[in-house]
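**Student:** Provided herewith: my_file_16.cif, mmCIF, C-alpha atoms and all ligand atoms.
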data_my_file
loop_
_atom_site.label_atom_id
_atom_site.label_comp_id
_atom_site.auth_asym_id
_atom_site.auth_seq_id
_atom_site.Cartn_x
_atom_site.Cartn_y
_atom_site.Cartn_z
CA MET A 1 11.73 10.03 27.51
CA ALA A 2 11.71 7.69 30.46
CA THR A 3 11.84 4.37 28.57
CA PRO A 4 14.90 3.74 26.40
CA PRO A 5 13.80 3.86 22.76
CA LEU A 6 13.25 0.62 20.90
CA ARG A 7 15.59 0.33 17.93
CA MET A 8 13.94 -0.46 14.60
CA PRO A 9 14.30 -2.52 12.50
CA VAL A 10 14.76 -5.43 14.88
CA PRO A 11 17.14 -7.90 13.20
CA GLY A 12 15.45 -11.12 12.15
CA GLU A 13 11.95 -9.85 12.92
CA ARG A 14 9.34 -8.63 10.43
CA THR A 15 8.07 -5.09 11.03
CA SER A 16 4.53 -6.40 11.55
CA GLU A 17 5.81 -8.79 14.23
CA THR A 18 7.77 -6.05 15.96
CA LEU A 19 4.72 -3.80 16.03
CA ARG A 20 2.47 -6.52 17.48
CA ARG A 21 5.06 -7.60 19.99
CA ILE A 22 5.73 -4.12 21.34
CA ARG A 23 2.00 -3.39 21.47
CA ASP A 24 1.50 -6.45 23.69
CA GLU A 25 4.69 -6.12 25.73
CA SER A 26 5.12 -2.38 26.14
CA GLY A 27 1.80 -0.68 25.44
CA PRO A 28 0.40 1.28 22.54
CA VAL A 29 2.76 4.29 22.46
CA LEU A 30 6.51 3.92 22.54
CA PRO A 31 9.66 5.93 21.76
CA ILE A 32 11.68 4.36 18.93
CA GLU A 33 14.97 5.01 17.26
CA PHE A 34 15.79 4.41 13.61
CA PRO A 35 19.30 3.98 12.20
CA GLY A 36 21.26 7.22 12.33
CA GLU A 37 19.85 7.92 15.82
CA VAL A 38 16.63 9.24 14.32
CA LYS A 39 14.14 9.46 17.17
CA ALA A 40 10.41 9.08 16.75
CA TRP A 41 7.35 7.61 18.47
CA VAL A 42 5.35 4.64 17.34
CA VAL A 43 1.67 3.97 17.99
CA THR A 44 0.48 0.38 17.67
CA SER A 45 -3.04 -0.15 19.05
CA TYR A 46 -6.31 0.28 17.16
CA GLU A 47 -7.39 3.10 19.41
CA THR A 48 -4.19 5.16 19.26
CA VAL A 49 -3.71 4.69 15.51
CA ASN A 50 -7.32 5.64 14.89
CA SER A 51 -6.98 8.77 16.97
CA VAL A 52 -3.75 9.88 15.25
CA LEU A 53 -5.24 9.32 11.78
CA THR A 54 -8.35 11.32 12.55
CA ASN A 55 -6.85 14.16 14.62
CA ASP A 56 -6.84 17.33 12.52
CA ASP A 57 -3.98 18.76 14.58
CA ILE A 58 -1.61 15.95 13.69
CA LEU A 59 -0.28 16.77 10.26
CA TYR A 60 2.11 15.63 7.58
CA ARG A 61 3.25 18.76 6.07
CA LYS A 62 3.74 21.53 8.61
CA ASN A 63 7.13 20.10 9.50
CA ILE A 64 8.13 19.33 5.95
CA ALA A 65 11.69 20.56 6.50
CA HIS A 66 12.06 18.10 9.34
CA PHE A 67 10.35 15.40 7.33
CA THR A 68 12.80 15.83 4.47
CA ALA A 69 15.79 16.01 6.80
CA LEU A 70 14.61 12.94 8.65
CA HIS A 71 14.39 10.85 5.53
CA ASP A 72 17.44 12.27 3.85
CA GLY A 73 20.26 9.84 4.32
CA THR A 74 19.18 8.55 7.71
CA ILE A 75 16.73 5.84 6.78
CA PRO A 76 18.47 2.79 5.28
CA ASP A 77 18.42 2.63 1.50
CA ASP A 78 16.49 -0.61 1.50
CA TRP A 79 13.55 1.00 3.29
CA PRO A 80 11.52 2.34 0.39
CA ILE A 81 10.57 5.79 1.61
CA ARG A 82 12.48 8.24 -0.54
CA GLN A 83 10.44 7.58 -3.65
CA LEU A 84 7.18 8.05 -1.77
CA ILE A 85 8.05 11.65 -1.09
CA GLY A 86 8.67 12.76 -4.69
CA GLY A 87 6.99 16.16 -4.99
CA ASP A 88 3.82 17.92 -3.83
CA HIS A 89 1.22 15.17 -3.86
CA LEU A 90 -1.61 14.07 -1.60
CA LEU A 91 0.60 12.21 0.81
CA VAL A 92 2.55 15.31 1.83
CA LEU A 93 -0.28 17.87 1.86
CA ASP A 94 -2.76 18.73 4.59
CA GLY A 95 -5.84 20.82 5.16
CA ALA A 96 -7.25 23.00 2.38
CA GLU A 97 -4.45 22.18 -0.09
CA HIS A 98 -5.06 18.49 0.37
CA ARG A 99 -8.87 18.82 0.15
CA ARG A 100 -8.59 20.83 -3.09
CA LEU A 101 -6.41 18.21 -4.80
CA ARG A 102 -8.50 15.29 -3.58
CA SER A 103 -11.69 16.87 -4.73
CA LEU A 104 -10.30 17.48 -8.23
CA ILE A 105 -8.97 13.92 -8.44
CA ASN A 106 -12.34 12.54 -7.29
CA ARG A 107 -13.94 14.14 -10.31
CA ALA A 108 -11.82 11.89 -12.51
CA PHE A 109 -11.21 8.81 -10.34
CA THR A 110 -14.90 7.91 -10.08
CA PRO A 111 -16.56 4.67 -8.93
CA GLY A 112 -17.80 4.26 -12.53
CA ARG A 113 -14.25 4.41 -13.88
CA VAL A 114 -13.12 1.76 -11.40
CA ALA A 115 -16.09 -0.53 -12.07
CA GLY A 116 -15.51 -0.12 -15.81
CA LEU A 117 -12.02 -1.60 -15.42
CA ALA A 118 -13.33 -4.95 -14.13
CA PRO A 119 -13.51 -6.74 -17.52
CA ARG A 120 -9.98 -5.66 -18.43
CA ILE A 121 -8.62 -6.68 -15.02
CA GLN A 122 -10.22 -10.08 -15.56
CA GLU A 123 -8.65 -10.36 -19.04
CA MET A 124 -5.20 -9.33 -17.81
CA THR A 125 -5.47 -11.80 -14.91
CA ASP A 126 -6.44 -14.57 -17.32
CA GLU A 127 -3.58 -13.70 -19.67
CA LEU A 128 -1.00 -13.90 -16.87
CA LEU A 129 -2.37 -17.24 -15.68
CA ASP A 130 -2.55 -18.59 -19.27
CA ARG A 131 1.21 -18.15 -19.45
CA LEU A 132 1.56 -20.55 -16.53
CA ALA A 133 -0.59 -23.25 -18.14
CA ASP A 134 2.34 -25.58 -18.88
CA GLU A 135 4.15 -25.10 -15.57
CA THR A 136 4.44 -28.32 -13.62
CA GLY A 137 7.29 -27.43 -11.23
CA VAL A 138 7.83 -24.65 -8.73
CA VAL A 139 6.71 -21.18 -9.81
CA ASP A 140 7.54 -17.87 -8.13
CA LEU A 141 4.05 -16.44 -7.87
CA VAL A 142 5.35 -12.94 -7.09
CA LYS A 143 7.32 -12.74 -10.32
CA ALA A 144 4.74 -14.53 -12.46
CA PHE A 145 1.52 -13.07 -11.13
CA THR A 146 1.22 -10.80 -8.09
CA GLU A 147 3.89 -8.36 -9.29
CA PRO A 148 2.96 -7.89 -13.00
CA LEU A 149 -0.80 -7.59 -12.45
CA PRO A 150 -1.03 -4.33 -10.42
CA VAL A 151 1.31 -2.39 -12.68
CA ALA A 152 -0.62 -3.56 -15.75
CA VAL A 153 -3.87 -2.42 -14.10
CA ILE A 154 -2.43 1.01 -13.29
CA CYS A 155 -1.18 1.41 -16.87
CA GLU A 156 -4.66 0.52 -18.09
CA LEU A 157 -6.11 3.10 -15.69
CA PHE A 158 -3.73 5.81 -16.96
CA GLY A 159 -4.29 4.88 -20.61
CA VAL A 160 -0.69 3.80 -21.28
CA PRO A 161 -0.68 1.72 -24.47
CA GLU A 162 0.26 -1.95 -24.22
CA GLY A 163 3.77 -2.96 -25.32
CA VAL A 164 7.07 -1.12 -24.96
CA GLU A 165 5.78 1.75 -22.80
CA ARG A 166 4.09 -0.51 -20.26
CA ASN A 167 7.19 -2.66 -20.02
CA GLN A 168 9.26 0.46 -19.44
CA ILE A 169 6.94 1.68 -16.67
CA ARG A 170 7.02 -1.72 -15.08
CA GLU A 171 10.82 -1.68 -15.12
CA TRP A 172 10.98 1.81 -13.64
CA SER A 173 8.52 1.12 -10.87
CA ASN A 174 10.32 -2.12 -10.04
CA VAL A 175 13.57 -0.20 -9.63
CA LEU A 176 11.86 2.48 -7.53
CA LEU A 177 10.24 -0.06 -5.26
CA SER A 178 13.11 -2.52 -5.26
CA HIS A 179 14.85 -3.23 -2.03
CA THR A 180 18.23 -3.45 -3.68
CA ALA A 181 18.43 -0.37 -5.95
CA THR A 182 21.18 2.08 -5.00
CA PRO A 183 20.14 5.68 -4.19
CA GLU A 184 21.75 6.75 -7.50
CA GLU A 185 19.71 4.21 -9.46
CA ALA A 186 16.53 5.30 -7.67
CA THR A 187 17.21 8.99 -8.41
CA GLU A 188 18.01 8.33 -12.06
CA THR A 189 14.93 6.16 -12.51
CA GLY A 190 12.72 8.66 -10.68
CA ALA A 191 13.89 11.40 -13.06
CA ALA A 192 13.19 9.19 -16.09
CA LEU A 193 9.68 8.44 -14.82
CA VAL A 194 8.96 12.12 -14.11
CA GLY A 195 10.12 12.98 -17.66
CA TYR A 196 7.97 10.23 -19.15
CA LEU A 197 4.84 11.20 -17.20
CA ALA A 198 5.18 14.89 -18.14
CA ALA A 199 5.46 13.99 -21.84
CA PHE A 200 2.64 11.46 -21.52
CA ILE A 201 0.24 14.08 -20.11
CA GLU A 202 1.16 16.39 -22.99
CA ARG A 203 0.43 13.59 -25.47
CA LYS A 204 -2.95 12.89 -23.85
CA ARG A 205 -3.91 16.53 -24.29
CA GLY A 206 -3.57 16.02 -28.05
CA ALA A 207 -5.06 12.52 -28.12
CA PRO A 208 -7.62 12.13 -25.29
CA GLY A 209 -8.96 8.70 -24.34
CA ASP A 210 -11.31 7.08 -21.87
CA ASP A 211 -8.76 7.01 -19.07
CA LEU A 212 -7.81 8.63 -15.76
CA THR A 213 -5.19 10.89 -17.34
CA THR A 214 -7.75 12.39 -19.71
CA GLY A 215 -10.19 12.63 -16.79
CA LEU A 216 -7.62 14.59 -14.77
CA ILE A 217 -6.94 16.91 -17.72
CA ARG A 218 -10.68 17.62 -17.92
CA ALA A 219 -11.36 17.80 -14.17
CA GLN A 220 -12.62 21.20 -13.23
CA GLU A 221 -14.30 22.59 -10.11
CA ASP A 222 -17.43 24.72 -10.31
CA ASP A 223 -15.28 27.81 -9.71
CA GLY A 224 -13.14 26.89 -12.70
CA ASP A 225 -10.19 25.56 -10.65
CA ARG A 226 -8.12 22.97 -12.54
CA LEU A 227 -5.06 20.83 -11.99
CA SER A 228 -1.73 22.16 -13.22
CA ASP A 229 0.53 19.91 -15.33
CA ASP A 230 2.85 19.54 -12.38
CA GLU A 231 0.03 18.53 -10.04
CA MET A 232 -1.21 16.00 -12.56
CA MET A 233 2.24 14.54 -12.95
CA TRP A 234 2.59 14.01 -9.18
CA ILE A 235 -0.87 12.45 -8.99
CA LEU A 236 0.05 9.86 -11.62
CA TRP A 237 3.36 9.30 -9.83
CA LEU A 238 1.67 8.75 -6.49
CA VAL A 239 -1.00 6.44 -7.89
CA LEU A 240 1.70 4.35 -9.56
CA ILE A 241 3.78 4.11 -6.40
CA ALA A 242 0.92 3.83 -3.86
CA GLY A 243 -1.12 1.41 -5.93
CA HIS A 244 1.64 -0.94 -6.92
CA GLU A 245 3.59 -2.60 -4.11
CA THR A 246 0.65 -2.43 -1.70
CA THR A 247 -1.46 -4.52 -4.07
CA VAL A 248 1.36 -6.91 -5.05
CA HIS A 249 1.92 -7.74 -1.39
CA LEU A 250 -1.73 -7.94 -0.37
CA ILE A 251 -2.50 -10.56 -3.02
CA ALA A 252 0.60 -12.53 -2.00
CA ASN A 253 -0.14 -12.24 1.75
CA ALA A 254 -3.68 -13.53 1.13
CA VAL A 255 -2.33 -16.47 -0.90
CA ILE A 256 -0.04 -17.37 2.01
CA ALA A 257 -2.90 -17.12 4.50
CA LEU A 258 -5.16 -19.36 2.41
CA CYS A 259 -2.48 -21.94 1.66
CA SER A 260 -1.63 -22.13 5.35
CA ASP A 261 -5.24 -22.83 6.29
CA ARG A 262 -6.94 -25.03 3.70
CA ALA A 263 -10.24 -24.94 5.63
CA GLN A 264 -10.41 -21.18 5.06
CA LEU A 265 -9.59 -21.73 1.39
CA ALA A 266 -12.34 -24.34 1.08
CA LEU A 267 -14.78 -21.95 2.73
CA ALA A 268 -13.83 -19.13 0.40
CA GLN A 269 -14.33 -21.42 -2.63
CA GLU A 270 -17.60 -22.81 -1.38
CA ARG A 271 -19.14 -19.46 -0.48
CA ASP A 272 -17.48 -17.49 -3.27
CA ALA A 273 -16.33 -15.28 -0.38
CA TRP A 274 -13.40 -13.55 -2.10
CA ALA A 275 -14.46 -10.11 -0.94
CA GLN A 276 -14.27 -11.35 2.68
CA VAL A 277 -10.85 -12.90 1.97
CA VAL A 278 -9.60 -9.48 0.83
CA GLU A 279 -11.05 -7.71 3.90
CA GLU A 280 -9.61 -10.30 6.25
CA ALA A 281 -6.19 -10.00 4.61
CA LEU A 282 -6.39 -6.20 4.98
CA ARG A 283 -7.19 -6.65 8.67
CA SER A 284 -4.84 -9.40 9.73
CA ARG A 285 -2.12 -9.66 7.05
CA ASN A 286 -2.07 -6.20 5.55
CA SER A 287 0.59 -5.20 3.06
CA VAL A 288 0.77 -1.75 4.66
CA VAL A 289 2.46 -2.11 8.03
CA GLY A 290 2.96 1.57 8.76
CA VAL A 291 2.19 4.89 7.09
CA LEU A 292 4.29 8.00 6.74
CA PHE A 293 5.11 9.93 9.88
CA ARG A 294 2.75 12.58 11.24
CA TYR A 295 3.68 15.55 13.41
CA PRO A 296 1.49 16.97 16.20
CA GLN A 297 1.08 20.73 16.06
CA GLN A 298 0.83 20.90 19.84
CA ASP A 299 1.63 18.48 22.66
CA VAL A 300 -0.72 15.55 22.36
CA ARG A 301 -1.77 12.97 24.92
CA LEU A 302 -1.88 9.44 23.49
CA GLY A 303 -2.47 6.47 25.78
CA GLU A 304 -0.22 7.04 28.79
CA ALA A 305 2.26 9.24 26.92
CA THR A 306 2.47 12.91 26.00
CA ILE A 307 4.08 13.46 22.62
CA PRO A 308 5.64 16.91 22.35
CA ALA A 309 4.67 19.14 19.43
CA GLY A 310 6.70 18.50 16.29
CA GLU A 311 8.01 15.04 17.21
CA PRO A 312 7.47 12.44 14.48
CA ILE A 313 4.92 9.68 15.01
CA MET A 314 5.11 6.43 13.06
CA ILE A 315 1.66 4.90 12.62
CA GLY A 316 1.82 1.16 13.12
CA ILE A 317 -1.12 -0.03 11.02
CA ALA A 318 0.02 -3.66 11.41
CA GLY A 319 -0.64 -3.47 15.14
CA THR A 320 -4.29 -2.49 14.69
CA GLY A 321 -5.91 -5.49 12.97
CA THR A 322 -4.46 -7.94 15.45
CA ASP A 323 -5.20 -5.83 18.53
CA PRO A 324 -7.00 -8.09 21.06
CA ALA A 325 -8.57 -5.03 22.71
CA THR A 326 -10.55 -4.46 19.50
CA TYR A 327 -10.74 -7.87 17.84
CA GLY A 328 -10.66 -10.24 20.80
CA GLU A 329 -8.44 -13.05 21.88
CA HIS A 330 -8.13 -14.62 18.39
CA ALA A 331 -7.42 -11.31 16.70
CA GLY A 332 -4.34 -12.68 14.92
CA ARG A 333 -6.21 -15.57 13.28
CA PHE A 334 -7.14 -15.27 9.59
CA ASP A 335 -10.84 -16.07 9.60
CA ILE A 336 -13.23 -14.99 6.85
CA THR A 337 -16.29 -15.73 8.98
CA ARG A 338 -15.52 -13.02 11.56
CA GLU A 339 -18.25 -10.54 12.31
CA ASP A 340 -16.36 -7.66 13.85
CA GLN A 341 -17.97 -4.46 14.98
CA GLU A 342 -14.96 -2.30 14.14
CA PRO A 343 -13.99 -1.87 10.49
CA HIS A 344 -10.27 -2.48 9.88
CA LEU A 345 -7.78 0.32 9.35
CA GLY A 346 -6.05 -1.44 6.46
CA PHE A 347 -6.73 1.45 4.09
CA GLY A 348 -6.13 4.06 6.78
CA ARG A 349 -8.84 6.45 7.99
CA GLY A 350 -9.59 10.16 7.97
CA PRO A 351 -8.58 12.67 5.30
CA HIS A 352 -5.88 10.46 3.76
CA PHE A 353 -8.02 7.30 3.54
CA CYS A 354 -6.78 5.26 0.58
CA LEU A 355 -7.95 6.86 -2.63
CA GLY A 356 -7.50 3.59 -4.50
CA ALA A 357 -9.43 1.36 -2.06
CA PRO A 358 -12.26 0.47 -4.49
CA LEU A 359 -9.74 -0.42 -7.21
CA ALA A 360 -7.52 -2.37 -4.81
CA ARG A 361 -10.53 -4.34 -3.53
CA LEU A 362 -11.74 -5.14 -7.05
CA GLU A 363 -8.31 -6.14 -8.29
CA CYS A 364 -7.40 -8.34 -5.32
CA ARG A 365 -10.78 -10.06 -5.44
CA ILE A 366 -10.49 -10.87 -9.16
CA ALA A 367 -6.87 -12.00 -8.76
CA LEU A 368 -7.58 -14.39 -5.88
CA ALA A 369 -10.86 -15.76 -7.22
CA THR A 370 -9.32 -16.45 -10.62
CA LEU A 371 -6.07 -17.91 -9.27
CA PHE A 372 -7.76 -20.36 -6.90
CA GLY A 373 -10.63 -20.96 -9.32
CA ARG A 374 -8.11 -22.20 -11.85
CA TYR A 375 -5.69 -23.86 -9.44
CA PRO A 376 -7.69 -25.10 -6.44
CA GLU A 377 -4.80 -27.32 -5.32
CA LEU A 378 -2.19 -24.56 -5.37
CA GLU A 379 0.20 -24.92 -2.45
CA LEU A 380 3.33 -23.34 -1.04
CA ALA A 381 6.53 -25.05 -2.15
CA ILE A 382 8.33 -24.06 1.07
CA LYS A 383 7.26 -23.89 4.71
CA GLU A 384 5.51 -20.70 5.75
CA ASP A 385 8.30 -19.76 8.15
CA GLU A 386 10.88 -20.08 5.36
CA ILE A 387 9.34 -17.25 3.34
CA GLY A 388 11.58 -14.17 3.16
CA TYR A 389 9.79 -10.82 3.59
CA THR A 390 10.57 -7.27 2.53
CA SER A 391 12.15 -5.18 5.27
CA SER A 392 10.36 -1.86 5.38
CA PHE A 393 8.34 0.15 7.83
CA ILE A 394 5.73 0.92 5.17
CA THR A 395 4.92 -2.25 3.24
CA GLU A 396 5.39 -5.95 3.88
CA GLY A 397 5.07 -8.97 1.66
CA PRO A 398 7.07 -11.96 0.42
CA LEU A 399 10.18 -11.24 -1.67
CA ALA A 400 9.39 -14.43 -3.57
CA LEU A 401 6.57 -16.95 -3.26
CA PRO A 402 7.50 -20.41 -4.52
CA VAL A 403 4.32 -22.41 -5.16
CA VAL A 404 3.25 -25.56 -6.96
CA LEU A 405 0.14 -24.79 -8.97
CA GLY A 406 -1.28 -28.32 -9.09
CA ALA A 407 -3.92 -29.55 -11.49
CA ALA A 408 -5.96 -26.88 -13.29
C1 LIG A 501 -3.40 6.10 0.80
C2 LIG A 501 -3.38 1.35 1.78
C3 LIG A 501 -3.89 0.34 -2.95
C4 LIG A 501 -3.79 5.07 -3.96
C5 LIG A 501 -3.39 4.90 1.47
C6 LIG A 501 -3.31 4.75 2.91
C7 LIG A 501 -3.29 3.41 3.17
C8 LIG A 501 -3.37 2.71 1.91
C9 LIG A 501 -3.18 2.74 4.55
C10 LIG A 501 -3.31 5.88 3.94
C11 LIG A 501 -1.97 6.57 4.01
C12 LIG A 501 -1.87 7.55 5.15
O1 LIG A 501 -2.81 7.76 5.92
O2 LIG A 501 -0.78 8.13 5.27
C13 LIG A 501 -3.49 0.67 0.57
C14 LIG A 501 -3.53 -0.79 0.45
C15 LIG A 501 -3.66 -1.06 -0.88
C16 LIG A 501 -3.72 0.22 -1.59
C17 LIG A 501 -3.42 -1.77 1.61
C18 LIG A 501 -3.76 -2.38 -1.61
C19 LIG A 501 -4.19 -3.47 -1.10
C20 LIG A 501 -3.99 1.53 -3.63
C21 LIG A 501 -4.27 1.67 -5.05
C22 LIG A 501 -4.21 3.01 -5.33
C23 LIG A 501 -3.92 3.71 -4.08
C24 LIG A 501 -4.54 0.50 -6.01
C25 LIG A 501 -4.44 3.74 -6.63
C26 LIG A 501 -4.85 3.20 -7.72
C27 LIG A 501 -3.62 5.73 -2.76
C28 LIG A 501 -3.46 7.18 -2.67
C29 LIG A 501 -3.35 7.48 -1.31
C30 LIG A 501 -3.44 6.20 -0.58
C31 LIG A 501 -3.42 8.15 -3.84
C32 LIG A 501 -3.15 8.85 -0.68
C33 LIG A 501 -4.47 9.45 -0.30
C34 LIG A 501 -4.32 10.79 0.39
O3 LIG A 501 -3.25 11.10 0.95
O4 LIG A 501 -5.30 11.56 0.39
N1 LIG A 501 -3.44 3.63 0.88
N2 LIG A 501 -3.60 1.23 -0.67
N3 LIG A 501 -3.80 2.78 -3.08
N4 LIG A 501 -3.61 5.19 -1.50
FE1 LIG A 501 -3.72 3.23 -1.07
#
Translate this file's structure into structure tokens.

**Tutor:**
Amino acid sequence: MATPPLRMPVPGERTSETLRRIRDESGPVLPIEFPGEVKAWVVTSYETVNSVLTNDDILYRKNIAHFTALHDGTIPDDWPIRQLIGGDHLLVLDGAEHRRLRSLINRAFTPGRVAGLAPRIQEMTDELLDRLADETGVVDLVKAFTEPLPVAVICELFGVPEGVERNQIREWSNVLLSHTATPEEATETGAALVGYLAAFIERKRGAPGDDLTTGLIRAQEDDGDRLSDDEMMWILWLVLIAGHETTVHLIANAVIALCSDRAQLALAQERDAWAQVVEEALRSRNSVVGVLFRYPQQDVRLGEATIPAGEPIMIGIAGTGTDPATYGEHAGRFDITREDQEPHLGFGRGPHFCLGAPLARLECRIALATLFGRYPELELAIKEDEIGYTSSFITEGPLALPVVLGAA
């Protein structure tokens, strides 16, 4: 490697900022080094990210031993990666194995099931906001709203009854995704969640409902292929992990964008353009800043660089939406009136394209429309540059979001 590797994380800089900066200063493909002298490459432009995501010879799984070794003890504990790995689920499978699982899940996770959740998502959103009705001071919107909503929606999707069990799942997933849990706490909590999910699937076999878990139990291919209990357990695990923090942060990032530009907020209100707000947040303020490493099966030419077979590539999603080569000179500006030719890569692309995209879109739209519909004067209680963000190379969002709700 000719250029000395960039060390990540860069102290005092958000991962999204680092990715944008190095894209502009050093080009779209760069060697990087993580703590523990872990070497990798990072791609940051729309074009290079797109080509890595859609190249069938750049895989997750073939180098699984390396993948595990790489993440075992070398990545800092506050970078939530360990829990994403878990067991054999979609995010660590490729090719035929991956296609088989996805096809079985698609039989249960249908557009109809997602659309059918809309009234409940609306009710749960209303309930959370009702609890804030008497608040006149500063409220942490993450704690009160953006964090509890996604986990409640996922529990609803799974068919977990309201009450003690939901609270327990919420606690577990908070520990797993927390940036302060010790590795021991994360392992213990992960084991408790695995145990719960296995027993929950067993219970659903005896008492089916109109939910994703029952749908997965019933999912069957024409040739009779079905999901094993273990596969089902890892699917639920992945949906809980993948669908939680991503959504929490996207809602919060969109709130920040709208509060920082009241003209955009007014436009969204006037035109009822909440779907555009969500798309624009996914493009320019996405909660996913990078996705799990991929490994080329043979030497691959990307931009000006040749990445040798087997070397890990970090995919810098956060660099793509703000890439001036694709989105022009004002790429970084949050603007719901944009008419771009290129669809954003906020949900990824190719075989691993976000399975929960329709649900995430629906949920974020309802959350934002209802929040600002009820509190049109909502504003940040601190300056935008005082907001503290999570430090991770996968997701990014505010650790807390102090706001004043204003008149309802
Ligand atoms: C995959 C983003 C919400 C389930 C992905 C990927 C991205 C992404 C970028 C691609 C990963 C890769 O290529 O390695 C997001 C964002 C969300 C969100 C920004 C919220 C705003 C959700 C929700 C669910 C979900 C709500 C489930 C209910 C999944 C699953 C995968 C995935 C299962 C793996 C698909 C596969 O490997 O085949 N997501 N996601 N996501 N997402 Fe999402």

**Student:** Show me which residues line ligand LIG 501 (chain A), defined as having an atom within 7 Å of a ligand atom where all atoms listed in the file count, and present them as a CSV table (one decimal) with C-alpha atoms, keeping the file's coordinate frame.

**Tutor:**
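Output below, filename part_37.csv:
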chain,number,residue,atom,x,y,z
A,53,LEU,CA,-5.2,9.3,11.8
A,90,LEU,CA,-1.6,14.1,-1.6
A,91,LEU,CA,0.6,12.2,0.8
A,98,HIS,CA,-5.1,18.5,0.4
A,102,ARG,CA,-8.5,15.3,-3.6
A,154,ILE,CA,-2.4,1.0,-13.3
A,238,LEU,CA,1.7,8.8,-6.5
A,239,VAL,CA,-1.0,6.4,-7.9
A,240,LEU,CA,1.7,4.4,-9.6
A,242,ALA,CA,0.9,3.8,-3.9
A,243,GLY,CA,-1.1,1.4,-5.9
A,244,HIS,CA,1.6,-0.9,-6.9
A,246,THR,CA,0.6,-2.4,-1.7
A,247,THR,CA,-1.5,-4.5,-4.1
A,250,LEU,CA,-1.7,-7.9,-0.4
A,282,LEU,CA,-6.4,-6.2,5.0
A,286,ASN,CA,-2.1,-6.2,5.6
A,287,SER,CA,0.6,-5.2,3.1
A,288,VAL,CA,0.8,-1.8,4.7
A,291,VAL,CA,2.2,4.9,7.1
A,292,LEU,CA,4.3,8.0,6.7
A,346,GLY,CA,-6.0,-1.4,6.5
A,347,PHE,CA,-6.7,1.4,4.1
A,348,GLY,CA,-6.1,4.1,6.8
A,349,ARG,CA,-8.8,6.4,8.0
A,351,PRO,CA,-8.6,12.7,5.3
A,352,HIS,CA,-5.9,10.5,3.8
A,353,PHE,CA,-8.0,7.3,3.5
A,354,CYS,CA,-6.8,5.3,0.6
A,355,LEU,CA,-8.0,6.9,-2.6
A,356,GLY,CA,-7.5,3.6,-4.5
A,357,ALA,CA,-9.4,1.4,-2.1
A,359,LEU,CA,-9.7,-0.4,-7.2
A,360,ALA,CA,-7.5,-2.4,-4.8
A,361,ARG,CA,-10.5,-4.3,-3.5

**Student:** Return the single residue from A:Ile235, A:Leu141, A:Ala181, A:Met314 that is closest to Leu405 of chain A, with distances computed using only C-alpha atoms.

**Tutor:**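 Using only C-alpha atoms, the shortest distance to Leu405 of chain A belongs to A:Leu141.
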
**Student:** For a quick check of understanding, using only C-alpha atoms, which of A:Ile201, A:Leu227, A:Leu302, A:Ile241 has the smallest distance to Arg170 of chain A?

**Tutor:**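 When distances to Arg170 of chain A are compared using only C-alpha atoms, the smallest one comes from A:Ile241.
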
**Student:** For atom CA of Pro119 of chain A and atom CA of Ile366 of chain A, determine how far apart the two atoms are, in Å to one decimal place.

**Tutor:**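 Atom CA of Pro119 of chain A sits 9.8 Å away from atom CA of Ile366 of chain A.
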
**Student:** Need the shell around Ile251 of chain A: protein/DNA/RNA residues with any atom at most 8 Å away, counting all atoms listed in the file. Skip same-chain ones fewer than 6 positions apart. Format as a list in words?

**Tutor:**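 Selected residues are Thr146, Cys364, Ala367 and Leu368 of chain A.
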
**Student:** In Å, rounded to a single decimal, give me how far atom CA of Leu265 of chain A is from atom CA of Ile382 of chain A.

**Tutor:** 18.1 Å

**Student:** Hey, which of A:Met124, A:Ala325, A:Ala144, A:Val164 ends up closest to Pro28 of chain A? Count only C-alpha atoms.

**Tutor:**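 Closest residue, counting only C-alpha atoms: A:Ala325.
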
**Student:** Identify, on the basis of all atoms listed in the file, every residue whose closest approach to segment 186-199 of chain A does not exceed 8 Å; exclude the query and any residue fewer than 4 positions from it along the same chain; express the result as a short mmCIF file (atom, residue, chain, number, x, y, z; two decimals) with C-alpha atoms, in the coordinates of the input.

**Tutor:**
data_model
loop_
_atom_site.label_atom_id
_atom_site.label_comp_id
_atom_site.auth_asym_id
_atom_site.auth_seq_id
_atom_site.Cartn_x
_atom_site.Cartn_y
_atom_site.Cartn_z
CA GLN A 83 10.44 7.58 -3.65
CA ILE A 169 6.94 1.68 -16.67
CA TRP A 172 10.98 1.81 -13.64
CA VAL A 175 13.57 -0.20 -9.63
CA LEU A 176 11.86 2.48 -7.53
CA ALA A 181 18.43 -0.37 -5.95
CA THR A 182 21.18 2.08 -5.00
CA ARG A 203 0.43 13.59 -25.47
CA ASP A 229 0.53 19.91 -15.33
CA ASP A 230 2.85 19.54 -12.38
CA MET A 233 2.24 14.54 -12.95
CA LEU A 236 0.05 9.86 -11.62
CA TRP A 237 3.36 9.30 -9.83
#

**Student:** So what do you get for atom CA of Arg338 of chain A versus atom CA of Ala275 of chain A, distance-wise?

**Tutor:**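 Atom CA of Ala275 of chain A lies 12.9 Å from atom CA of Arg338 of chain A.
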
**Student:** Quick one: residues within 6 Å of segment 5-8 of chain A, all atoms listed in the file, excluding same-chain residues fewer than 5 positions away - as a list of chain:residue names?

**Tutor:**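 The residues that qualify are A:Pro31, A:Ile32, A:Glu33, A:Phe34.
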
**Student:** Taking into account only C-alpha atoms, which residue in the set A:Thr337, A:Asn253, A:Glu162, A:Thr370 is nearest to Leu399 of chain A?

**Tutor:** A:Asn253
